[in-house]
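**Student:** Pasting a structure below so you can have a look.
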Amino acid sequence: MAVDIRFLQRGVWRRQIPWVFLMLAAAALLFQLNPAWRDRLVFDRSALEHGEFWRVWSGHWVHFGWPHFLADTGLFLILGWVLERRHPRMTLSALLLMPPFIVAAIYLFDPTMHRYAGLSALNLGLLLFLALRGWQRDWRDWFWPAVLVIYVGEVVFEIMAGGTGGGMIKFDDPAVRVATSAHVASAVYAGLAWALTRRWNFRPSGKSIPPA
């Protein structure tokens, strides 16, 4: 019986490992180890206008220096550990759909931003969705609102302290600035995703369906 329990525990452990997030983080590491690839992968407005549409997705997985990579990818993996197990369908759809949503917002509403890279906006969208779902379970809970306030405060600090070149996180390109429009777009996406999943998971009868 003890062997069977250990086997089951190992199976549960394997299912809890965020394999999709680990593979994407490994891809980001591979890109970071090959700096020459960045120019072919980063979101570049003029390149996108010339048909290089892969940049809509690939730009999120390249970074402006190792501090940028470590901060973004570290938070990405932490979020993946929770999200891939609790909300797998929403998470996979977000990894596919949120990048073009963010890029579309940059392209349409921030014409002065010619280049963009990094996972910070995607992380913010995932964190906001997770916080909204956590807060939804108990609206009196202070933890998730506190998480949101801390993260939003960090983004505001980056904008005020950095401008161009970064704030607490130093970019290797001094011309790069904090992408406020990308952060706003990811927050909008997370709000829409939360509203949709709330409707799917909580029917008018009042009976809740376990989260996807």
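Chains: A, B, ... in order of the structure tokens. Residues: from 1 per chain. Ligands: from 1, in order shown.
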Can you tell me, as a PyMOL selection string, which residues in segment 6-183 of chain A count as helix (DSSP H, G or I) by DSSP?
**Tutor:** chain A and resi 6-16+19-33+35-41+45-49+55-61+66-86+88-109+120-137+143-161+180-183
**Student:** Which one of A:Met160, A:Ile169, A:Leu122, A:Ile106 sits closest to Pro67 of chain A if you count only C-alpha atoms?
**Tutor:** A:Ile169
**Student:** Determine, counting only C-alpha atoms, which protein, DNA and RNA residues have an atom within 12 Å of an atom of Tyr189 of chain A; residues of the same chain fewer than 2 positions away are not included. Present the result as a VMD selection string.
**Tutor:** chain A and resid 90 93 to 95 97 to 105 121 to 129 182 to 187 191 to 196
**Student:** List as a ChimeraX atom specification the protein and nucleic acid residues near Asp72 of chain A, meaning an atom at most 8 Å away when only C-alpha atoms are counted, but skip any in the same chain fewer than 6 places from it.
**Tutor:** /A:118-120,123
**Student:** When distances are computed from only C-alpha atoms, which of A:Val152, A:Phe21, A:Ala175, A:Phe53 shows the smallest separation from Ile78 of chain A?
**Tutor:**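 Smallest separation from Ile78 of chain A among the options: A:Phe21.
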**Student:** Which distance in Å separates atom CA of Val176 of chain A and atom CA of Leu30 of chain A, to one decimal?
**Tutor:**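 For atom CA of Val176 of chain A relative to atom CA of Leu30 of chain A, the distance reads 21.7 Å.
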**Student:** Just list the residues in segment 51-206 of chain A DSSP gives strand (DSSP E or B) on the backbone, as an NGL selection string.
**Tutor:** :A and (115-116 or 164 or 177 or 202)
**Student:** State, in Å with one decimal place, the distance from atom CA of Leu77 of chain A to atom CA of Val156 of chain A.
**Tutor:**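 Between atom CA of Leu77 of chain A and atom CA of Val156 of chain A the gap is 22.9 Å.
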**Student:** Report, in Å to a single decimal, how far apart atom CA of Ser58 of chain A and atom CA of Tyr107 of chain A are.
**Tutor:**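 About the pair atom CA of Tyr107 of chain A and atom CA of Ser58 of chain A: they are 15.4 Å apart.
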**Student:** When you count only C-alpha atoms, which of these residues is closest to Gln32 of chain A: A:Arg85, A:Arg55, A:His60, A:Arg198?
**Tutor:**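 Of the candidates, the smallest distance to Gln32 of chain A is held by A:His60.
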**Student:** Have a look at A:Phe157, A:Asp138, A:His114, A:Asp173 and name the one nearest to Leu48 of chain A; count only C-alpha atoms.
**Tutor:** A:His114
